[in-house]
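The file protein-v2.txt contains compact mmCIF, C-alpha atoms and all ligand atoms:
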# COMPACT_ATOMS: atom_id res chain seq x y z
CA MET A 1 0.01 8.51 -15.75
CA LYS A 2 2.65 7.23 -18.04
CA THR A 3 4.05 4.41 -16.08
CA ARG A 4 3.10 0.85 -15.57
CA LEU A 5 2.68 -0.79 -12.28
CA VAL A 6 5.12 -3.41 -11.26
CA ILE A 7 2.56 -5.83 -10.08
CA GLY A 8 5.05 -8.25 -8.71
CA ILE A 9 5.35 -6.14 -5.67
CA LEU A 10 1.65 -5.79 -5.36
CA ALA A 11 1.49 -9.51 -5.72
CA THR A 12 3.66 -9.79 -2.68
CA THR A 13 1.16 -7.70 -0.87
CA LEU A 14 -1.59 -9.92 -2.15
CA ALA A 15 0.18 -13.02 -1.05
CA VAL A 16 -1.38 -12.55 2.31
CA GLY A 17 1.46 -10.60 3.69
CA CYS A 18 2.59 -13.12 6.19
CA SER A 19 5.28 -14.50 3.99
CA THR A 20 8.23 -13.45 6.03
CA LYS A 21 10.54 -14.79 3.39
CA LYS A 22 9.12 -12.42 0.83
CA ASP A 23 9.33 -9.67 3.36
CA ALA A 24 12.96 -10.39 3.87
CA GLU A 25 13.55 -10.28 0.14
CA ASN A 26 11.90 -6.93 -0.22
CA LYS A 27 13.96 -4.80 2.04
CA ALA A 28 10.91 -2.83 2.94
CA PRO A 29 7.72 -4.80 2.98
CA PRO A 30 4.73 -3.02 1.55
CA VAL A 31 2.16 -1.78 3.96
CA ALA A 32 0.04 -4.51 2.65
CA GLY A 33 2.64 -7.00 3.63
CA SER A 34 3.34 -5.52 6.90
CA ASN A 35 1.66 -7.76 9.30
CA THR A 36 5.33 -8.21 9.70
CA PRO A 37 5.93 -4.49 9.89
CA THR A 38 9.56 -3.95 9.03
CA PRO A 39 12.44 -6.29 8.66
CA GLY A 40 13.21 -7.11 12.22
CA SER A 41 9.92 -5.72 13.34
CA ASN A 42 11.30 -4.73 16.66
CA ALA A 43 12.92 -1.51 17.66
CA ALA A 44 15.91 -2.26 15.51
CA GLY A 45 13.65 -2.15 12.49
CA SER A 46 13.79 1.19 10.86
CA GLY A 47 15.14 3.01 13.82
CA ALA A 48 18.50 1.48 13.37
CA ALA A 49 18.38 1.66 9.62
CA GLY A 50 17.80 5.39 9.49
CA SER A 51 20.32 7.22 11.52
CA GLY A 52 18.34 9.04 14.12
CA SER A 53 15.05 8.86 12.29
CA ALA A 54 11.88 10.12 13.80
CA VAL A 55 11.57 7.47 16.38
CA ALA A 56 12.24 9.75 19.29
CA GLU A 57 8.63 9.27 20.34
CA ALA A 58 8.84 5.52 20.12
CA PRO A 59 12.44 4.47 20.38
CA LYS A 60 11.48 0.87 20.92
CA PRO A 61 8.16 0.35 19.22
CA ASP A 62 6.35 -2.62 20.59
CA PRO A 63 6.26 -5.31 17.86
CA ALA A 64 2.63 -6.04 18.60
CA LEU A 65 1.77 -2.37 18.24
CA MET A 66 3.71 -2.19 14.98
CA ALA A 67 1.94 -5.25 13.63
CA ARG A 68 -1.43 -3.81 14.60
CA GLY A 69 -0.51 -0.48 13.00
CA GLY A 70 0.57 -2.26 9.83
CA TYR A 71 -2.70 -4.16 9.63
CA LEU A 72 -4.77 -1.04 10.16
CA ALA A 73 -2.74 1.03 7.71
CA LYS A 74 -3.49 -1.61 5.11
CA MET A 75 -7.18 -1.76 5.83
CA TYR A 76 -7.50 2.01 5.82
CA GLY A 77 -5.53 2.40 2.59
CA CYS A 78 -2.55 4.56 3.58
CA ASN A 79 -0.17 3.02 1.05
CA VAL A 80 -2.68 3.35 -1.73
CA CYS A 81 -2.38 7.14 -1.90
CA HIS A 82 1.04 7.45 -0.28
CA VAL A 83 2.65 4.77 -2.41
CA TYR A 84 6.14 5.51 -3.71
CA PHE A 85 5.84 6.62 -7.29
CA GLY A 86 9.11 7.28 -9.10
CA GLU A 87 10.31 7.34 -12.66
CA LYS A 88 9.68 3.63 -13.01
CA GLY A 89 6.22 3.95 -11.61
CA PRO A 90 4.87 2.76 -8.32
CA ASP A 91 6.91 0.67 -5.94
CA PHE A 92 4.77 -0.76 -3.19
CA SER A 93 7.81 -1.92 -1.27
CA LYS A 94 8.82 1.66 -0.47
CA VAL A 95 5.84 2.10 1.77
CA GLY A 96 4.77 5.71 2.24
CA GLY A 97 7.42 7.08 -0.13
CA GLY A 98 4.87 9.22 -1.94
CA GLY A 99 4.84 10.78 -5.37
CA LEU A 100 1.72 9.36 -6.99
CA GLU A 101 0.43 12.24 -9.08
CA LEU A 102 -2.99 12.44 -10.63
CA ALA A 103 -4.71 15.17 -12.60
CA GLU A 104 -8.31 15.45 -11.53
CA LYS A 105 -11.18 17.78 -12.05
CA PHE A 106 -10.31 19.55 -8.84
CA GLY A 107 -6.63 19.93 -9.71
CA THR A 108 -3.51 17.80 -9.85
CA TRP A 109 -2.69 16.20 -6.55
CA ARG A 110 0.24 14.24 -5.17
CA GLY A 111 0.54 11.87 -2.29
CA PRO A 112 3.23 13.18 0.07
CA ASN A 113 6.18 11.18 1.38
CA ILE A 114 5.16 10.12 4.89
CA THR A 115 8.27 8.13 5.75
CA PRO A 116 10.53 9.43 8.54
CA HIS A 117 13.12 10.84 6.13
CA LYS A 118 14.13 14.18 7.60
CA GLY A 119 14.65 16.06 4.37
CA SER A 120 11.84 14.84 2.16
CA GLY A 121 9.52 13.01 4.52
CA ILE A 122 8.06 13.78 7.92
CA GLY A 123 11.07 12.81 9.99
CA ASN A 124 10.64 15.73 12.35
CA TRP A 125 7.07 14.83 13.26
CA LYS A 126 6.18 13.16 16.53
CA VAL A 127 3.77 10.27 16.75
CA GLU A 128 1.18 12.74 18.09
CA ASP A 129 1.72 14.98 15.06
CA ILE A 130 1.00 12.08 12.74
CA MET A 131 -2.10 11.22 14.74
CA ALA A 132 -3.31 14.81 14.33
CA ALA A 133 -2.71 14.73 10.57
CA ILE A 134 -4.65 11.48 10.27
CA ARG A 135 -7.67 12.49 12.32
CA GLU A 136 -7.76 16.28 12.22
CA GLY A 137 -6.03 17.07 8.94
CA VAL A 138 -3.51 19.45 10.50
CA ARG A 139 0.25 19.64 10.23
CA PRO A 140 2.48 20.49 13.19
CA ASP A 141 2.80 24.06 11.84
CA GLY A 142 -0.96 24.43 12.05
CA SER A 143 -1.62 24.35 8.30
CA LYS A 144 -4.56 22.31 7.06
CA LEU A 145 -4.64 19.38 4.68
CA TYR A 146 -6.96 19.17 1.70
CA ALA A 147 -9.79 16.77 2.41
CA LEU A 148 -8.53 14.41 -0.25
CA MET A 149 -6.62 12.98 2.66
CA PRO A 150 -9.64 11.28 4.26
CA TYR A 151 -9.35 12.83 7.71
CA PRO A 152 -13.08 13.58 7.85
CA ASN A 153 -13.43 9.78 7.86
CA TYR A 154 -10.39 9.02 10.00
CA HIS A 155 -11.68 11.47 12.60
CA ARG A 156 -13.76 8.62 14.02
CA MET A 157 -10.63 6.50 14.63
CA THR A 158 -9.95 5.57 18.26
CA ASP A 159 -6.83 6.85 20.01
CA ASP A 160 -5.50 3.32 20.17
CA GLU A 161 -5.83 2.70 16.45
CA ALA A 162 -4.47 6.13 15.55
CA ARG A 163 -1.47 5.58 17.80
CA ALA A 164 -0.81 2.16 16.31
CA ILE A 165 -0.89 3.52 12.76
CA ALA A 166 1.17 6.60 13.66
CA THR A 167 3.77 4.43 15.39
CA PHE A 168 3.92 2.21 12.34
CA VAL A 169 4.32 5.23 10.04
CA ALA A 170 6.96 6.85 12.27
CA ASN A 171 9.00 3.66 12.06
CA LEU A 172 8.74 3.02 8.34
CA PRO A 173 12.06 2.64 6.58
CA GLU A 174 13.11 6.08 5.39
CA VAL A 175 12.63 6.87 1.73
CA ASP A 176 14.50 9.88 0.36
CA HIS A 177 12.00 11.17 -2.15
CA ALA A 178 11.04 14.81 -2.54
CA VAL A 179 7.43 15.32 -3.56
CA ALA A 180 6.11 18.72 -4.61
CA PRO A 181 3.42 20.13 -2.36
CA ASN A 182 -0.22 20.32 -3.40
CA LYS A 183 -1.38 23.74 -4.45
CA ASP A 184 -4.65 25.36 -5.42
CA LEU A 185 -6.79 22.24 -5.30
CA LYS A 186 -10.49 22.96 -5.52
CA LEU A 187 -11.11 20.94 -2.41
CA PRO A 188 -12.00 22.05 1.09
CA GLN A 189 -9.63 22.08 4.02
CA ILE A 190 -12.13 21.08 6.63
CA PRO A 191 -11.66 22.16 10.24
CA MET A 192 -12.13 19.23 12.59
CA PRO A 193 -12.79 19.21 16.32
CA LYS A 194 -10.65 17.04 18.59
CA PRO A 195 -11.41 13.35 18.02
CA GLU A 196 -13.93 11.94 20.47
CA ASN A 197 -12.20 8.60 20.88
CA LYS A 198 -15.46 6.73 21.28
CA PRO A 199 -14.87 2.99 21.69
CA ILE A 200 -15.42 0.70 18.71
CA PRO A 201 -18.88 -0.85 19.14
CA VAL A 202 -17.56 -4.37 18.53
CA ASP A 203 -20.56 -6.04 20.12
CA ASP A 204 -22.96 -4.53 17.62
CA LYS A 205 -22.16 -6.02 14.25
CA VAL A 206 -23.76 -3.29 12.16
CA LYS A 207 -22.26 -0.44 14.18
CA HIS A 208 -18.88 -2.14 14.16
CA GLY A 209 -19.23 -2.38 10.39
CA GLU A 210 -20.13 1.27 10.15
CA TYR A 211 -16.93 2.11 11.98
CA MET A 212 -14.87 0.02 9.57
CA VAL A 213 -16.61 1.37 6.48
CA THR A 214 -16.09 4.93 7.68
CA LEU A 215 -12.38 4.36 8.07
CA MET A 216 -12.13 2.41 4.81
CA HIS A 217 -13.68 5.52 3.21
CA CYS A 218 -15.92 3.66 0.77
CA ASN A 219 -17.97 6.86 0.51
CA ASN A 220 -15.03 8.72 -1.00
CA CYS A 221 -15.81 6.89 -4.21
CA HIS A 222 -19.35 5.57 -3.77
CA ALA A 223 -21.01 8.84 -2.80
CA LYS A 224 -23.38 10.48 -5.19
CA PRO A 225 -21.31 13.19 -6.87
CA GLY A 226 -22.04 16.84 -6.29
CA LYS A 227 -22.24 19.59 -8.86
CA ASP A 228 -20.21 18.98 -12.03
CA GLY A 229 -19.15 15.58 -10.74
CA MET A 230 -17.09 17.09 -7.95
CA PRO A 231 -16.72 15.18 -4.68
CA ASP A 232 -19.62 15.81 -2.35
CA PHE A 233 -18.72 15.62 1.30
CA VAL A 234 -22.23 15.92 2.64
CA GLY A 235 -24.38 14.11 0.09
CA LYS A 236 -25.58 10.54 -0.13
CA PRO A 237 -22.58 8.45 0.82
CA PHE A 238 -23.38 5.16 -0.94
CA SER A 239 -25.71 6.00 -3.80
CA GLY A 240 -23.01 5.88 -6.46
CA GLY A 241 -22.40 7.68 -9.73
CA MET A 242 -18.87 9.03 -9.37
CA GLU A 243 -16.89 8.51 -12.55
CA PHE A 244 -13.26 7.59 -12.93
CA GLU A 245 -11.15 7.65 -16.05
CA ILE A 246 -7.78 6.10 -15.53
CA ALA A 247 -6.14 5.98 -18.93
CA PHE A 248 -3.20 3.82 -18.05
CA LEU A 249 -5.42 1.19 -16.50
CA GLY A 250 -7.59 0.93 -19.53
CA GLU A 251 -10.11 2.68 -21.68
CA GLY A 252 -13.53 3.92 -20.82
CA LYS A 253 -15.20 5.06 -17.68
CA LEU A 254 -15.42 3.35 -14.36
CA VAL A 255 -18.57 4.29 -12.52
CA ALA A 256 -18.80 3.63 -8.81
CA PRO A 257 -22.04 1.67 -8.37
CA ASN A 258 -24.90 2.31 -6.02
CA ILE A 259 -24.14 0.05 -3.04
CA THR A 260 -27.29 0.79 -1.08
CA SER A 261 -29.78 -2.05 -0.57
CA ASP A 262 -32.05 -1.02 -3.42
CA ALA A 263 -32.81 -4.27 -5.25
CA GLU A 264 -32.89 -2.74 -8.74
CA THR A 265 -30.32 0.05 -8.78
CA GLY A 266 -28.20 -1.03 -5.80
CA ILE A 267 -26.91 -4.34 -4.46
CA GLY A 268 -30.05 -5.29 -2.54
CA LYS A 269 -30.01 -8.76 -4.04
CA TRP A 270 -26.55 -9.53 -2.70
CA THR A 271 -26.26 -11.50 0.52
CA GLU A 272 -23.86 -10.52 3.27
CA ALA A 273 -21.66 -13.39 2.17
CA ASP A 274 -21.65 -12.01 -1.39
CA ILE A 275 -20.54 -8.61 -0.13
CA ALA A 276 -17.82 -10.08 2.05
CA LYS A 277 -16.55 -12.22 -0.78
CA SER A 278 -16.52 -9.32 -3.23
CA LEU A 279 -14.26 -7.26 -0.98
CA LYS A 280 -11.82 -10.11 -0.55
CA THR A 281 -11.75 -11.31 -4.13
CA MET A 282 -13.02 -8.39 -6.25
CA MET A 283 -15.56 -10.72 -7.81
CA ARG A 284 -19.28 -10.09 -7.99
CA PRO A 285 -21.72 -12.90 -7.19
CA ASP A 286 -22.17 -13.42 -10.95
CA GLY A 287 -18.45 -14.08 -11.29
CA THR A 288 -17.56 -10.82 -13.05
CA ILE A 289 -14.59 -8.82 -11.89
CA ILE A 290 -14.69 -5.52 -10.05
CA HIS A 291 -12.09 -3.43 -11.85
CA GLY A 292 -10.28 -0.24 -11.07
CA PRO A 293 -9.32 1.45 -7.85
CA MET A 294 -10.80 -1.11 -5.46
CA GLN A 295 -8.19 -3.61 -6.55
CA PHE A 296 -5.48 -1.59 -4.84
CA TYR A 297 -7.25 -1.70 -1.56
CA GLN A 298 -7.84 -5.38 -2.01
CA ALA A 299 -4.24 -6.17 -1.10
CA GLY A 300 -5.21 -5.14 2.40
CA TRP A 301 -8.83 -6.15 2.35
CA ALA A 302 -8.03 -9.71 1.35
CA GLN A 303 -6.49 -10.01 4.79
CA LEU A 304 -9.39 -8.64 6.78
CA GLU A 305 -10.03 -10.47 10.00
CA ASP A 306 -13.32 -12.39 9.77
CA LYS A 307 -14.96 -10.39 12.50
CA ASP A 308 -14.18 -7.12 10.71
CA LEU A 309 -15.23 -8.44 7.31
CA GLU A 310 -18.52 -9.82 8.58
CA ALA A 311 -19.27 -6.53 10.30
CA ILE A 312 -18.55 -4.58 7.11
CA ALA A 313 -20.88 -6.81 5.11
CA ALA A 314 -23.61 -6.49 7.75
CA PHE A 315 -23.35 -2.72 7.69
CA ILE A 316 -23.35 -2.44 3.89
CA LYS A 317 -26.38 -4.75 3.79
CA SER A 318 -28.15 -2.46 6.27
CA ILE A 319 -27.79 0.72 4.20
CA PRO A 320 -31.30 1.92 3.39
CA ALA A 321 -32.29 1.56 -0.23
CA ASP A 322 -31.83 4.62 -2.38
CA LYS A 323 -33.14 4.30 -5.89
CA ASN A 324 -30.43 5.86 -8.00
CA LYS A 325 -29.63 4.31 -11.31
CA VAL A 326 -26.05 4.99 -12.30
CA ALA A 327 -24.48 4.38 -15.66
CA LYS A 328 -22.66 1.11 -16.23
CA SER A 329 -18.89 1.17 -16.36
CA THR A 330 -17.63 1.11 -19.94
CA PHE A 331 -14.14 0.30 -18.77
CA LYS A 332 -11.96 -2.09 -20.71
CA PRO A 333 -8.76 -3.01 -18.93
CA LYS A 334 -5.59 -2.75 -20.98
CA GLY A 335 -3.95 -5.84 -19.65
CA PRO A 336 -5.42 -9.26 -19.18
CA PRO A 337 -8.71 -8.67 -17.44
CA GLY A 338 -8.98 -9.58 -13.85
CA PRO A 339 -7.35 -8.87 -10.60
CA PRO A 340 -3.60 -8.34 -10.61
CA PRO A 341 -1.87 -11.66 -11.19
CA THR A 342 -0.16 -13.12 -8.21
CA GLY A 343 2.86 -14.25 -10.16
CA ALA A 344 5.76 -12.14 -9.00
CA GLY A 345 7.52 -10.05 -11.57
CA SER A 346 4.64 -9.77 -13.98
CA ALA A 347 3.83 -6.29 -15.08
CA SER A 348 0.33 -5.09 -15.48
CA PRO A 349 -1.22 -1.84 -16.47
CA ALA A 350 -3.32 -1.95 -13.39
CA GLY A 351 -1.99 0.87 -11.31
CA PRO A 352 -2.45 2.79 -8.18
CA ALA A 353 -4.11 5.52 -10.08
CA GLY A 354 -6.84 3.45 -8.89
CA ALA A 355 -5.13 4.05 -5.74
CA GLY A 356 -5.06 7.63 -6.55
CA SER A 357 -8.62 7.76 -7.36
CA GLY A 358 -8.90 6.14 -4.04
CA SER A 359 -9.36 9.68 -3.28
CA ALA A 360 -12.70 11.21 -3.74
CA ALA A 361 -11.57 11.72 -7.23
CA PRO A 362 -14.02 11.96 -10.04
CA ALA A 363 -13.09 11.41 -13.63
CA LYS A 364 -11.60 14.26 -15.55
C1 LIG B 1 -7.36 8.96 -0.64
C2 LIG B 1 -5.94 9.18 -0.59
C3 LIG B 1 -5.28 9.14 0.78
C4 LIG B 1 -5.36 8.16 1.74
C5 LIG B 1 -6.19 6.88 1.70
C6 LIG B 1 -4.48 8.58 2.82
N1 LIG B 1 -3.90 9.77 2.52
FE1 LIG B 1 -2.64 10.83 3.73
N2 LIG B 1 -2.67 12.37 2.42
C7 LIG B 1 -3.24 12.33 1.16
C8 LIG B 1 -2.96 13.59 0.49
C9 LIG B 1 -3.39 13.94 -0.93
C10 LIG B 1 -2.23 14.38 1.39
C11 LIG B 1 -1.75 15.80 1.18
C12 LIG B 1 -2.87 16.77 1.45
C13 LIG B 1 -2.45 18.20 1.24
O1 LIG B 1 -1.45 18.44 0.54
O2 LIG B 1 -3.13 19.10 1.77
C14 LIG B 1 -2.04 13.58 2.59
C15 LIG B 1 -1.34 14.00 3.71
C16 LIG B 1 -0.95 13.17 4.75
C17 LIG B 1 -0.03 13.54 5.81
C18 LIG B 1 0.65 14.89 5.95
C19 LIG B 1 1.92 14.88 5.13
C20 LIG B 1 2.56 16.21 4.97
O3 LIG B 1 3.77 16.25 4.64
O4 LIG B 1 1.91 17.25 5.12
C21 LIG B 1 0.12 12.44 6.61
C22 LIG B 1 0.99 12.31 7.83
C23 LIG B 1 -0.72 11.39 6.05
N3 LIG B 1 -1.36 11.87 4.93
C24 LIG B 1 -0.84 10.12 6.57
C25 LIG B 1 -1.76 9.17 6.12
C26 LIG B 1 -2.03 7.92 6.80
C27 LIG B 1 -1.31 7.42 8.02
C28 LIG B 1 -3.03 7.31 6.09
C29 LIG B 1 -3.77 6.02 6.43
C30 LIG B 1 -4.40 5.99 7.74
C31 LIG B 1 -3.34 8.16 4.96
N4 LIG B 1 -2.56 9.27 5.02
C32 LIG B 1 -4.29 7.85 3.97
C33 LIG B 1 -3.96 11.28 0.61
C34 LIG B 1 -4.35 10.15 1.28
C1 LIG B 2 -11.10 4.36 -4.78
C2 LIG B 2 -12.50 4.35 -5.04
C3 LIG B 2 -13.30 3.27 -4.35
C4 LIG B 2 -13.29 2.94 -3.02
C5 LIG B 2 -12.47 3.54 -1.89
C6 LIG B 2 -14.27 1.89 -2.86
N1 LIG B 2 -14.84 1.59 -4.06
FE1 LIG B 2 -16.16 0.10 -4.43
N2 LIG B 2 -16.06 0.46 -6.44
C7 LIG B 2 -15.39 1.52 -7.02
C8 LIG B 2 -15.59 1.46 -8.46
C9 LIG B 2 -15.04 2.46 -9.48
C10 LIG B 2 -16.38 0.34 -8.73
C11 LIG B 2 -16.86 -0.17 -10.12
C12 LIG B 2 -15.85 -1.12 -10.69
C13 LIG B 2 -16.21 -1.66 -12.04
O1 LIG B 2 -17.03 -1.06 -12.74
O2 LIG B 2 -15.67 -2.73 -12.43
C14 LIG B 2 -16.67 -0.26 -7.42
C15 LIG B 2 -17.44 -1.41 -7.24
C16 LIG B 2 -17.90 -1.86 -6.01
C17 LIG B 2 -18.81 -2.95 -5.82
C18 LIG B 2 -19.50 -3.77 -6.93
C19 LIG B 2 -20.93 -3.33 -7.00
C20 LIG B 2 -21.66 -3.66 -8.28
O3 LIG B 2 -22.90 -3.47 -8.32
O4 LIG B 2 -21.05 -4.08 -9.25
C21 LIG B 2 -19.02 -3.09 -4.47
C22 LIG B 2 -19.90 -4.10 -3.76
C23 LIG B 2 -18.20 -2.10 -3.82
N3 LIG B 2 -17.52 -1.38 -4.79
C24 LIG B 2 -18.13 -1.92 -2.46
C25 LIG B 2 -17.21 -1.08 -1.82
C26 LIG B 2 -17.02 -1.03 -0.40
C27 LIG B 2 -17.83 -1.80 0.61
C28 LIG B 2 -16.00 -0.14 -0.17
C29 LIG B 2 -15.36 0.21 1.14
C30 LIG B 2 -15.00 -0.91 2.00
C31 LIG B 2 -15.58 0.37 -1.46
N4 LIG B 2 -16.33 -0.22 -2.43
C32 LIG B 2 -14.57 1.30 -1.65
C33 LIG B 2 -14.62 2.46 -6.36
C34 LIG B 2 -14.29 2.42 -5.01
What would the structure in this file look like if it were written as structure tokens?
Amino acid sequence: MKTRLVIGILATTLAVGCSTKKDAENKAPPVAGSNTPTPGSNAAGSGAAGSGSAVAEAPKPDPALMARGGYLAKMYGCNVCHVYFGEKGPDFSKVGGGGLELAEKFGTWRGPNITPHKGSGIGNWKVEDIMAAIREGVRPDGSKLYALMPYPNYHRMTDDEARAIATFVANLPEVDHAVAPNKDLKLPQIPMPKPENKPIPVDDKVKHGEYMVTLMHCNNCHAKPGKDGMPDFVGKPFSGGMEFEIAFLGEGKLVAPNITSDAETGIGKWTEADIAKSLKTMMRPDGTIIHGPMQFYQAGWAQLEDKDLEAIAAFIKSIPADKNKVAKSTFKPKGPPGPPPTGAGSASPAGPAGAGSGSAAPAK
């Protein structure tokens, strides 16, 4: 990637999203900021803005549903991979505008434009079509998506959550941005059965956490890699070892750690509170910074509701120990080390390649 991330916008997303003033300034609030979904988060929102956009299914989206969809889209990372990426690099305010492009071992992939723009986005899709893409990896024409789009994870999503996210996506402000299709990726296109729509086991902390972690697709990066470092969709989901090289973020390799409860090679010595804090702040208990792709999810994760965050930590803590020593990251960030600054307007080399690698993307 040649371009630098305009962190100011990300900063907005980090600024806990509820700043309606900021939202108003950015015509289109980033997904991360979209607890207030769109300017005028009622029906008028994007429906009015885009002449006859794909809101046929939801002409007057319920503001509560939109807000819920915005929250979930943030937690589940939609705008990490579907971020607008133009000549000037990523623009997190054009939520879902697509164009992030990353060369990986399995081929060069791009995040499509998922805004309701009719020409270059998915403006002709119904809410149900978007739900099917999210959970089953199919397009309305019946073609399959590469499993880089984490539908094997999203398959577990309830109907209610899928509908909230799909409604939110269908009502995003349109972005006119043509993105070339993905071709010849060495990734599977996995057939999925119809989603089961099992309720979220909210009364069982660990199971609730498992639900969240599945949808937050931690395993896309923390799984033990398969042959030749390729993503492994059936292997050990949290044993670590996947490598990421993201040149424009910095030099060296990022290695996804073992996050099982093994005390020596995993994070068995961390408490639940340590885990929760690390996801919110990208700091380890020893005060060091977690670099790389996770920082782009953090914009959403920093806003996790306590109940969700505690459940996630409880589940991660419960993962059986797997002794698997992975190499240490040798990564040296280009910019000032640390999480993206919150000062608006500051540029930083930290970029959504991280985002990109948010995919099950191993280093080249
Ligand atoms: C890890 C990266 C990643 C994440 C996270 C992700 N996507 Fe995707 N998504 C992709 C890629 C890559 C494709 C294209 C796959 C292909 O070309 O086969 C895609 C395809 C899609 C499509 C079909 C677009 C088209 O024109 O065919 C929709 C709709 C979609 N994603 C919505 C979402 C939503 C909603 C979320 C969050 C719940 C999400 N995605 C999260 C990477 C991601
Ligand atoms: C896009 C890829 C990606 C995703 C998704 C991801 N991680 Fe990470 N994670 C990494 C990488 C890479 C590192 C190492 C960063 C470094 O070396 O500074 C890391 C580091 C960590 C660490 C620090 C562990 C240690 O021993 O230093 C924890 C804890 C962690 N991740 C938990 C999670 C959890 C929980 C999720 C899901 C909610 C998750 N990660 C999702 C890539 C990812």
Using only C-alpha atoms, can you list as number ranges by chain the residues within 10 Å of (-13.6, 4.2, 2.6)? A: 75-77, 150, 153-154, 212-222, 297, 358-360
Enumerate as a ChimeraX atom specification the residues within 8 Å of ligand LIG 1 (chain B), counting all atoms listed in the file. /A:72-74,76-82,109-114,121-122,129-131,133-134,137-139,144-150,154,162,165-166,169,181-183,189,217,220,355-360
Exercise: residues within 6 Å of coordinate (5.8, 8.7, -4.9), counting only C-alpha atoms, as an NGL selection string: :A and (83-86 or 97-100)
Could the centre and edge lengths of an axis-aligned box, enclosing all atoms of ligand LIG 2 (chain B) in the file with 6 Å extra on each side, be given in Å to one decimal as JSON?
{"center_x": -17.0, "center_y": 0.1, "center_z": -5.4, "size_x": 23.8, "size_y": 20.5, "size_z": 26.7}
Close residues, Leu279 (chain A) itself excluded, 8 Å, all atoms listed in the file, min 2 positions apart in chain, as a ChimeraX atom specification: /A:275-277,281-283,298,301-302
By how many Å are CA of Ser120 (chain A) and CA of Glu87 (chain A) apart?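 Separation between CA of Ser120 (chain A) and CA of Glu87 (chain A): 16.7 Å.
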A:Arg135, A:Lys198, A:Lys317, A:Lys280 ranked by distance to Tyr151 (chain A), top pick (using all atoms listed in the file):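 Under the stated criterion, the closest residue is A:Arg135.
Comparing the minimum interatomic distances between ligand LIG 2 (chain B) and each of A:Met294, A:Ala327, A:Ala314, A:Leu304, counting all atoms listed in the file, we find that A:Met294 sits nearest.
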CA of Lys105 (chain A) and atom C26 of ligand LIG 2 (chain B) are how many Å apart? 22.9 Å
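If you look at CA of Glu243 (chain A) and CA of Val255 (chain A), they are 4.5 Å away from each other.
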For a quick check of understanding, using only C-alpha atoms and all ligand atoms, which of A:Gly123, A:Pro173, A:Pro320, A:Pro285 has the smallest distance to ligand LIG 2 (chain B)? A:Pro285
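Using all atoms listed in the file, the smallest distance between any of A:Ile319, A:Met66, A:Ile259, A:Leu102 and ligand LIG 2 (chain B) comes from A:Ile259.
Considering only C-alpha atoms and all ligand atoms, the residue among A:Asp322, A:Glu245, A:Glu196, A:Glu305 positioned nearest to ligand LIG 2 (chain B) is A:Glu245.
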Calculated over all atoms listed in the file, which of the candidates A:Ala321, A:Ile200, A:Ala256, A:Ala273 has the smallest distance to ligand LIG 2 (chain B)? A:Ala256
Phe168 (chain A) environment, 7 Å, all atoms listed in the file, sequence neighbours closer than 3 positions dropped, as a ChimeraX atom specification: /A:66,69-70,164-165,171-172
Using the partial input, fill out region 115-124 of chain A with N, CA and C atoms; write the result as a compact mmCIF listing (two decimals), keeping the file's coordinate frame.
# COMPACT_ATOMS: atom_id res chain seq x y z
N THR A 115 7.26 8.90 5.02
CA THR A 115 8.27 8.13 5.75
C THR A 115 9.08 9.09 6.63
N PRO A 116 9.81 8.53 7.60
CA PRO A 116 10.53 9.43 8.54
C PRO A 116 11.81 10.03 7.97
N HIS A 117 11.93 10.17 6.67
CA HIS A 117 13.12 10.84 6.13
C HIS A 117 13.07 12.33 6.50
N LYS A 118 14.16 12.82 7.06
CA LYS A 118 14.13 14.18 7.60
C LYS A 118 14.01 15.25 6.52
N GLY A 119 14.68 15.03 5.40
CA GLY A 119 14.65 16.06 4.37
C GLY A 119 13.36 16.06 3.57
N SER A 120 12.96 14.89 3.10
CA SER A 120 11.84 14.84 2.16
C SER A 120 10.58 14.21 2.73
N GLY A 121 10.68 13.64 3.91
CA GLY A 121 9.52 13.01 4.52
C GLY A 121 9.04 13.80 5.73
N ILE A 122 8.57 13.08 6.73
CA ILE A 122 8.06 13.78 7.92
C ILE A 122 8.86 13.35 9.15
N GLY A 123 10.18 13.30 8.94
CA GLY A 123 11.07 12.81 9.99
C GLY A 123 11.09 13.67 11.25
N ASN A 124 10.63 14.89 11.15
CA ASN A 124 10.64 15.73 12.35
C ASN A 124 9.32 15.68 13.11
